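Have a look at data-v2.csv below; it lists CSV, C-alpha atoms.
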chain,number,residue,atom,x,y,z
K,1,MET,CA,23.9,-91.6,44.0
K,2,ARG,CA,22.1,-94.5,45.5
K,3,ALA,CA,18.6,-93.8,46.8
K,4,ILE,CA,16.4,-96.1,48.9
K,5,VAL,CA,12.7,-95.1,49.1
K,6,LEU,CA,10.5,-96.6,51.8
K,7,VAL,CA,6.8,-96.3,51.1
K,8,ARG,CA,4.5,-97.1,54.0
K,9,PRO,CA,0.7,-97.2,54.5
K,10,LYS,CA,-0.1,-94.0,56.4
K,11,GLU,CA,-1.0,-94.3,60.0
K,12,GLY,CA,-4.7,-95.1,60.4
K,13,ILE,CA,-5.0,-96.7,57.0
K,14,LEU,CA,-6.3,-100.2,57.3
K,15,ASP,CA,-3.5,-102.5,56.2
K,16,PRO,CA,-4.9,-106.1,55.7
K,17,GLN,CA,-1.6,-107.3,54.5
K,18,GLY,CA,0.1,-106.2,57.7
K,19,ALA,CA,-2.7,-107.8,59.7
K,20,ALA,CA,-2.3,-111.1,57.8
K,21,VAL,CA,1.5,-111.1,58.3
K,22,GLU,CA,1.0,-110.3,62.0
K,23,SER,CA,-1.4,-113.2,62.4
K,24,ALA,CA,1.0,-115.6,60.5
K,25,LEU,CA,3.9,-114.5,62.8
K,26,GLY,CA,1.6,-115.2,65.8
K,27,HIS,CA,1.0,-118.7,64.5
K,28,LEU,CA,4.8,-119.2,64.3
K,29,GLY,CA,5.0,-118.3,68.0
K,30,PHE,CA,6.3,-114.7,67.7
K,31,ALA,CA,4.6,-112.2,69.9
K,32,VAL,CA,4.3,-109.2,67.6
K,33,SER,CA,1.9,-106.4,67.1
K,34,GLY,CA,1.4,-103.4,64.8
K,35,ALA,CA,2.8,-105.1,61.7
K,36,ARG,CA,2.5,-103.0,58.5
K,37,VAL,CA,3.5,-103.9,55.0
K,38,GLY,CA,5.0,-101.3,52.7
K,39,LYS,CA,7.5,-101.3,49.8
K,40,VAL,CA,11.1,-100.5,49.1
K,41,VAL,CA,12.3,-98.9,45.9
K,42,ASP,CA,16.0,-98.9,45.2
K,43,LEU,CA,17.3,-96.3,42.7
K,44,GLU,CA,20.5,-95.1,41.2
K,45,VAL,CA,20.0,-91.3,40.7
K,46,ASP,CA,22.1,-89.2,38.4
K,47,ALA,CA,22.6,-86.0,40.4
K,48,ALA,CA,25.4,-83.5,41.1
K,49,ASP,CA,25.0,-83.6,44.9
K,50,GLU,CA,22.8,-84.9,47.7
K,51,ALA,CA,20.5,-81.9,47.7
K,52,GLU,CA,19.7,-82.3,44.0
K,53,ALA,CA,19.2,-86.1,44.4
K,54,ARG,CA,16.8,-85.5,47.3
K,55,THR,CA,14.8,-83.0,45.3
K,56,GLN,CA,14.6,-85.4,42.4
K,57,VAL,CA,13.5,-88.4,44.5
K,58,GLU,CA,11.0,-86.3,46.4
K,59,GLN,CA,9.4,-85.4,43.1
K,60,MET,CA,9.4,-89.0,42.1
K,61,CYS,CA,7.6,-89.9,45.3
K,62,GLU,CA,5.0,-87.1,44.9
K,63,ARG,CA,4.3,-88.0,41.3
K,64,LEU,CA,4.5,-91.7,41.2
K,65,LEU,CA,6.2,-93.8,43.9
K,66,ALA,CA,3.7,-93.0,46.6
K,67,ASN,CA,0.0,-92.0,46.6
K,68,PRO,CA,-0.3,-89.2,49.2
K,69,LEU,CA,-3.8,-90.2,50.1
K,70,ILE,CA,-2.7,-93.4,51.6
K,71,GLU,CA,1.1,-93.6,51.7
K,72,SER,CA,4.0,-91.8,53.4
K,73,TYR,CA,7.5,-92.1,52.2
K,74,GLU,CA,11.1,-91.8,53.5
K,75,ILE,CA,14.2,-91.3,51.4
K,76,GLU,CA,17.7,-92.5,52.3
K,77,LEU,CA,20.6,-91.4,50.2
K,78,HIS,CA,24.0,-93.1,50.1
K,79,GLY,CA,26.9,-91.2,48.4
H,1,MET,CA,-6.8,-100.2,26.1
H,2,TYR,CA,-3.6,-100.6,28.1
H,3,PRO,CA,-1.2,-103.5,28.1
H,4,GLY,CA,-2.9,-105.8,30.6
H,5,SER,CA,-6.4,-104.6,30.0
H,6,ASN,CA,-8.6,-107.7,29.6
H,7,ASP,CA,-12.2,-106.5,29.6
H,8,ASP,CA,-11.7,-104.3,26.5
H,9,HIS,CA,-13.4,-106.7,24.1
H,10,ASP,CA,-16.3,-107.3,26.5
H,11,ALA,CA,-16.7,-103.5,26.7
H,12,LEU,CA,-16.6,-103.2,22.9
H,13,TRP,CA,-19.0,-106.1,22.5
H,14,ALA,CA,-21.5,-104.7,25.1
H,15,LEU,CA,-21.4,-101.2,23.6
H,16,ALA,CA,-22.0,-102.7,20.1
H,17,ALA,CA,-24.9,-104.7,21.5
H,18,LEU,CA,-26.4,-101.4,22.6
H,19,ASP,CA,-26.0,-100.0,19.1
H,20,ALA,CA,-23.0,-97.8,19.8
H,21,GLU,CA,-20.2,-97.6,17.4
H,22,ALA,CA,-17.3,-98.6,19.7
H,23,VAL,CA,-13.7,-98.2,18.6
H,24,PRO,CA,-10.7,-99.5,20.4
H,25,VAL,CA,-7.9,-96.9,21.2
H,26,TRP,CA,-4.5,-98.3,22.1
H,27,HIS,CA,-2.7,-96.7,25.1
H,28,ASP,CA,0.1,-95.1,23.1
H,29,GLU,CA,-2.2,-93.0,21.0
H,30,PRO,CA,-1.5,-89.4,22.0
H,31,GLU,CA,-4.8,-88.2,20.4
H,32,LEU,CA,-8.3,-89.7,20.6
H,33,PRO,CA,-10.3,-90.1,17.4
H,34,GLU,CA,-13.5,-88.1,17.2
H,35,LEU,CA,-15.5,-89.6,20.1
H,36,ASP,CA,-18.7,-88.9,22.0
H,37,ALA,CA,-17.7,-90.9,25.1
H,38,VAL,CA,-14.8,-92.8,26.5
H,39,VAL,CA,-14.9,-96.1,28.4
H,40,LEU,CA,-11.8,-97.2,30.2
H,41,PRO,CA,-12.0,-101.0,30.5
H,42,GLY,CA,-11.1,-103.4,33.3
H,43,GLY,CA,-8.0,-105.5,33.6
H,44,PHE,CA,-4.5,-105.3,35.1
H,45,SER,CA,-2.9,-102.4,33.2
H,46,TYR,CA,0.9,-102.7,33.4
H,47,GLY,CA,0.5,-105.7,35.7
H,48,ASP,CA,-0.9,-103.5,38.4
H,49,TYR,CA,2.8,-102.8,39.3
H,50,LEU,CA,3.5,-100.3,42.1
H,51,ARG,CA,-0.3,-99.6,42.6
H,52,CYS,CA,-3.2,-100.5,40.4
H,53,GLY,CA,-3.6,-97.8,37.7
H,54,ALA,CA,-0.5,-95.9,38.8
H,55,ILE,CA,1.5,-96.5,35.6
H,56,ALA,CA,-1.4,-96.4,33.1
H,57,ARG,CA,-2.0,-92.9,34.4
H,58,PHE,CA,1.1,-91.8,32.4
H,59,SER,CA,0.1,-93.3,29.1
H,60,PRO,CA,-0.3,-90.9,26.2
H,61,ALA,CA,-3.9,-92.0,25.7
H,62,THR,CA,-4.6,-91.2,29.4
H,63,ALA,CA,-3.4,-87.6,28.9
H,64,ALA,CA,-5.8,-87.4,25.9
H,65,VAL,CA,-8.6,-88.8,28.1
H,66,ARG,CA,-7.8,-86.1,30.7
H,67,ASP,CA,-8.1,-83.4,28.0
H,68,PHE,CA,-11.4,-85.0,26.8
H,69,ALA,CA,-12.8,-85.0,30.3
H,70,GLU,CA,-11.7,-81.5,31.1
H,71,ALA,CA,-13.5,-80.3,27.9
H,72,GLY,CA,-16.7,-81.9,29.4
H,73,GLY,CA,-16.5,-85.3,27.5
H,74,LEU,CA,-18.2,-88.3,29.1
H,75,VAL,CA,-15.7,-90.8,30.6
H,76,LEU,CA,-16.7,-94.1,32.3
H,77,GLY,CA,-14.0,-96.1,34.1
H,78,ILE,CA,-14.8,-99.7,34.9
H,79,CYS,CA,-12.8,-101.6,37.5
H,80,ASN,CA,-9.1,-101.1,36.5
H,81,GLY,CA,-10.4,-98.1,34.5
H,82,PHE,CA,-11.8,-96.7,37.7
H,83,GLN,CA,-8.4,-97.2,39.4
H,84,VAL,CA,-6.7,-95.4,36.6
H,85,LEU,CA,-9.1,-92.4,36.8
H,86,CYS,CA,-8.5,-92.2,40.6
H,87,GLU,CA,-4.7,-92.4,40.2
H,88,ALA,CA,-4.9,-89.7,37.4
H,89,GLY,CA,-6.8,-87.4,39.8
H,90,LEU,CA,-9.9,-87.4,37.6
H,91,LEU,CA,-11.9,-89.1,40.3
H,92,PRO,CA,-11.6,-88.8,44.1
H,93,GLY,CA,-10.2,-91.5,46.3
H,94,VAL,CA,-8.1,-94.6,45.7
H,95,LEU,CA,-8.7,-98.3,45.4
H,96,LEU,CA,-6.9,-100.5,47.9
H,97,ARG,CA,-6.5,-104.3,48.5
H,98,ASN,CA,-9.8,-105.9,49.6
H,99,GLU,CA,-10.2,-106.0,53.3
H,100,SER,CA,-10.5,-109.8,53.2
H,101,LEU,CA,-7.3,-110.1,51.0
H,102,ARG,CA,-9.4,-112.3,48.8
H,103,PHE,CA,-10.2,-111.8,45.2
H,104,VAL,CA,-13.9,-111.4,45.0
H,105,CYS,CA,-15.7,-112.7,41.9
H,106,ARG,CA,-19.5,-112.9,42.1
H,107,ASP,CA,-22.7,-110.9,41.5
H,108,VAL,CA,-23.3,-108.2,44.1
H,109,ARG,CA,-26.4,-106.1,44.8
H,110,LEU,CA,-25.9,-102.3,44.5
H,111,THR,CA,-28.0,-99.3,45.4
H,112,VAL,CA,-28.3,-96.4,42.9
H,113,GLU,CA,-27.7,-93.1,44.7
H,114,ARG,CA,-27.9,-90.8,41.7
H,115,ASP,CA,-30.3,-91.0,38.8
H,116,ASP,CA,-29.5,-87.6,37.2
H,117,LEU,CA,-26.2,-88.4,35.6
H,118,PRO,CA,-25.5,-89.3,32.0
H,119,PHE,CA,-24.5,-92.7,33.3
H,120,THR,CA,-27.6,-93.4,35.5
H,121,GLU,CA,-30.5,-91.7,33.7
H,122,ARG,CA,-32.1,-95.0,33.0
H,123,CYS,CA,-32.1,-95.9,36.7
H,124,ILE,CA,-34.2,-94.7,39.6
H,125,ARG,CA,-32.7,-93.4,42.8
H,126,GLY,CA,-32.8,-96.2,45.4
H,127,GLN,CA,-33.1,-98.9,42.7
H,128,ARG,CA,-31.2,-102.2,43.4
H,129,LEU,CA,-28.9,-103.4,40.6
H,130,VAL,CA,-27.2,-106.7,40.4
H,131,LEU,CA,-23.8,-106.6,38.7
H,132,PRO,CA,-20.7,-108.8,38.8
H,133,VAL,CA,-17.5,-107.8,40.6
H,134,LYS,CA,-14.1,-109.4,40.0
H,135,HIS,CA,-11.3,-107.7,41.8
H,136,GLY,CA,-8.5,-108.0,44.4
H,137,ASP,CA,-8.1,-104.2,44.8
H,138,GLY,CA,-11.6,-102.8,45.0
H,139,ARG,CA,-11.7,-101.2,48.5
H,140,TRP,CA,-12.4,-97.6,47.8
H,141,PHE,CA,-10.8,-95.3,50.3
H,142,ALA,CA,-10.8,-91.6,51.0
H,143,PRO,CA,-10.0,-89.7,54.2
H,144,PRO,CA,-13.1,-88.8,56.3
H,145,GLU,CA,-13.1,-85.1,55.4
H,146,LEU,CA,-13.0,-86.0,51.7
H,147,VAL,CA,-15.8,-88.6,52.2
H,148,ALA,CA,-17.9,-85.9,53.9
H,149,GLU,CA,-17.3,-83.5,51.1
H,150,LEU,CA,-18.3,-86.1,48.5
H,151,GLU,CA,-21.5,-87.0,50.4
H,152,THR,CA,-22.4,-83.3,50.5
H,153,ASN,CA,-21.8,-82.9,46.8
H,154,ARG,CA,-23.6,-86.2,46.1
H,155,GLN,CA,-20.7,-87.7,44.3
H,156,VAL,CA,-21.3,-91.2,45.5
H,157,VAL,CA,-23.3,-92.8,42.6
H,158,LEU,CA,-23.4,-96.5,43.6
H,159,ARG,CA,-23.1,-98.2,46.9
H,160,TYR,CA,-22.8,-101.9,47.7
H,161,ALA,CA,-26.0,-103.2,49.3
H,162,GLU,CA,-24.1,-106.1,50.8
H,163,PRO,CA,-20.6,-106.7,52.2
H,164,CYS,CA,-18.1,-106.8,49.3
H,165,ASN,CA,-14.6,-105.5,49.8
H,166,GLY,CA,-14.5,-103.2,52.8
H,167,SER,CA,-15.0,-99.9,50.9
H,168,VAL,CA,-15.4,-96.8,53.0
H,169,ALA,CA,-19.1,-95.8,53.1
H,170,ASP,CA,-19.8,-98.9,50.9
H,171,VAL,CA,-18.8,-96.9,47.9
H,172,ALA,CA,-19.0,-98.9,44.6
H,173,GLY,CA,-18.9,-96.0,42.2
H,174,VAL,CA,-18.2,-92.2,42.3
H,175,CYS,CA,-18.3,-89.3,39.9
H,176,ASN,CA,-16.4,-86.1,39.6
H,177,GLY,CA,-17.9,-82.7,40.8
H,178,ARG,CA,-19.1,-81.9,37.3
H,179,GLY,CA,-20.8,-85.3,36.8
H,180,ASN,CA,-19.1,-86.1,33.4
H,181,VAL,CA,-16.6,-88.7,34.7
H,182,MET,CA,-17.7,-91.8,36.6
H,183,GLY,CA,-15.9,-94.9,37.9
H,184,LEU,CA,-17.2,-98.1,39.3
H,185,MET,CA,-15.7,-101.4,40.4
H,186,PRO,CA,-18.6,-103.7,39.3
H,187,HIS,CA,-18.8,-104.6,35.6
H,188,PRO,CA,-21.8,-103.3,33.7
H,189,GLU,CA,-20.2,-104.7,30.4
H,190,HIS,CA,-20.5,-108.3,31.8
H,191,ALA,CA,-24.2,-107.8,32.5
H,192,VAL,CA,-26.0,-106.6,29.3
H,193,ASP,CA,-28.0,-109.7,28.5
H,194,PRO,CA,-30.2,-111.9,30.8
H,195,LEU,CA,-28.3,-114.9,29.5
H,196,LEU,CA,-25.2,-113.6,31.4
H,197,GLY,CA,-27.1,-113.6,34.7
H,198,SER,CA,-28.1,-110.0,34.7
H,199,ALA,CA,-28.9,-107.3,32.2
H,200,ASP,CA,-28.7,-104.4,34.8
H,201,GLY,CA,-25.3,-103.3,33.3
H,202,ALA,CA,-27.2,-102.3,30.2
H,203,LEU,CA,-29.0,-99.6,32.2
H,204,ILE,CA,-25.7,-97.9,32.8
H,205,LEU,CA,-24.1,-98.4,29.4
H,206,ALA,CA,-27.3,-97.6,27.5
H,207,ALA,CA,-27.7,-94.4,29.5
H,208,LEU,CA,-24.1,-93.5,28.5
H,209,VAL,CA,-24.9,-94.3,24.8
H,210,ASP,CA,-28.1,-92.2,25.0
H,211,ALA,CA,-26.2,-89.3,26.5
H,212,ALA,CA,-23.3,-89.6,24.0
H,213,ARG,CA,-25.8,-89.7,21.1
H,214,ASP,CA,-27.7,-86.6,22.5
H,215,ARG,CA,-24.4,-84.7,22.6
H,216,THR,CA,-23.6,-85.7,19.0
H,217,ILE,CA,-26.9,-84.3,17.9
H,218,LEU,CA,-26.4,-81.1,19.9
H,219,SER,CA,-23.0,-80.6,18.3
H,220,ILE,CA,-24.3,-81.1,14.8

Entire entry expressed as structure tokens:
Amino acid sequence: MRAIVLVRPKEGILDPQGAAVESALGHLGFAVSGARVGKVVDLEVDAADEAEARTQVEQMCERLLANPLIESYEIELHG
Amino acid sequence: MYPGSNDDHDALWALAALDAEAVPVWHDEPELPELDAVVLPGGFSYGDYLRCGAIARFSPATAAVRDFAEAGGLVLGICNGFQVLCEAGLLPGVLLRNESLRFVCRDVRLTVERDDLPFTERCIRGQRLVLPVKHGDGRWFAPPELVAELETNRQVVLRYAEPCNGSVADVAGVCNGRGNVMGLMPHPEHAVDPLLGSADGALILAALVDAARDRTILSI
């Protein structure tokens, strides 16, 4: 099963990369605000069903893919 | 020493210059040799992939360091070593990209907040130290409630006395609740001889060597 994990800086955490991207987009003439930079982790998970895959990927996020002090995560599963 | 560590030899050299018998331990060693203290060196373990220190935390040697620390052993993490200790949950907080997004590489002034730890017994509270920093991800962060708890427990050991990387509460170094594990972003091992611009790093490393030696004598 294909899993896509989105890892984001938590709300309220200073994200200088997001600020730099926002400023650069401004220089290109785009009127944007609230830019935040996170990461995407694509995975192929060996699991019997979606529930098992979700449990596994949640454990991966808790233990490695995200640091709960500073990051939140979202998991998308594709059969 | 992890793949990507690059201050390991400086740490070995500095400890040897302070009359310690320093031995390198490679990251895949599941057991530590008989040691009185552990120093986790700076660098870019595992390329800083994912987050700095995040992968090194799972090295067999890191598990051995955790056991050593839990048994009360002295552990000092410098720069990337500090990041590894935070990711491993042995020290509070996390190190993030510098606020400026620039790599900082210069001497900084620091204030000593604790002089009663095995790492700082050669310092005086309020003393100014000059140590070099060289990092892109040195902005220490913890949520406000954790910062308040650490301040109450006096776990902030060193603070920047000038703007450096945007760390919360100007934190440059912290210790665990028990005071046997400490991490700092500045590099004491690069400052053990006046020829290197500062010898203030020797105050920290020599205190560690003293404390480790005292423990050896006690255990004999």

Interface list for chain K, partner chain H, 10 Å threshold, all atoms listed in the file, as a PyMOL selection string: chain K and resi 12-17+20+39+41+63-67+69-70

Which polymer residues have any atom within 8 Å of an atom of Glu189 of chain H, counting only C-alpha atoms, with same-chain residues fewer than 2 positions away left out, as an MDAnalysis selection string? chainID H and resid 10:11 14:15 187 191:192 201:202 205

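Taking atom CA of Arg215 of chain H and atom CA of Ala16 of chain H as the two end points, the separation is 18.3 Å.
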
Residue nearest Gly173 of chain H among H:Leu35, H:Leu203, H:Ile78, H:Cys52 (counting all atoms listed in the file): H:Ile78

For Ala3 of chain K, work out the shell of residues within 9 Å, counting only C-alpha atoms and skipping chain neighbours fewer than 6 positions away, then give it as number ranges by chain. K: 41-45, 53-54, 57, 75-79

The selected residues should be written to file as a PDB file, keeping the file's coordinate frame (atoms: C-alpha atoms).
ATOM      1  CA  VAL K  41      12.300 -98.900  45.900  1.00  0.00           C
ATOM      2  CA  ASP K  42      16.000 -98.900  45.200  1.00  0.00           C
ATOM      3  CA  LEU K  43      17.300 -96.300  42.700  1.00  0.00           C
ATOM      4  CA  GLU K  44      20.500 -95.100  41.200  1.00  0.00           C
ATOM      5  CA  VAL K  45      20.000 -91.300  40.700  1.00  0.00           C
ATOM      6  CA  ALA K  53      19.200 -86.100  44.400  1.00  0.00           C
ATOM      7  CA  ARG K  54      16.800 -85.500  47.300  1.00  0.00           C
ATOM      8  CA  VAL K  57      13.500 -88.400  44.500  1.00  0.00           C
ATOM      9  CA  ILE K  75      14.200 -91.300  51.400  1.00  0.00           C
ATOM     10  CA  GLU K  76      17.700 -92.500  52.300  1.00  0.00           C
ATOM     11  CA  LEU K  77      20.600 -91.400  50.200  1.00  0.00           C
ATOM     12  CA  HIS K  78      24.000 -93.100  50.100  1.00  0.00           C
ATOM     13  CA  GLY K  79      26.900 -91.200  48.400  1.00  0.00           C
TER      14      GLY K  79
END

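Distances from K:Val37, K:Leu6, K:Ala51, K:Met60 to Ala19 of chain K were compared using all atoms listed in the file, and the smallest one belongs to K:Val37.
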
What gap, in Å, lies between atom CA of Pro30 of chain H and atom CA of Ala212 of chain H? 21.9 Å

Pairwise distance for atom CA of Ala17 of chain H and atom CA of Val209 of chain H, rounded to one decimal in Å: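 Computed distance, atom CA of Ala17 of chain H to atom CA of Val209 of chain H, equals 10.9 Å.
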
Tell me, as a list in words, which residues lie within 12 Å of Ala71 of chain H, counting all atoms listed in the file; anything in the same chain fewer than 4 positions away does not count.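 These residues fall inside the cut-off: Asp36, Ala37, Ala64, Val65, Arg66, Asp67, Val75, Arg178, Asn180 and Val181 of chain H.
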
With distances taken over all atoms listed in the file, which residue among K:Cys61, K:Ala35, K:Met1, K:Ala47 lies nearest Tyr73 of chain K? K:Cys61

From the list H:Ala63, H:Val112, H:Phe82, H:Glu21, which residue is nearest Arg213 of chain H when using all atoms listed in the file? H:Glu21

Would you please work out which residue, of H:Trp26, H:Tyr2, H:Trp13, H:Phe119, is nearest to Gly42 of chain H when using only C-alpha atoms? H:Tyr2
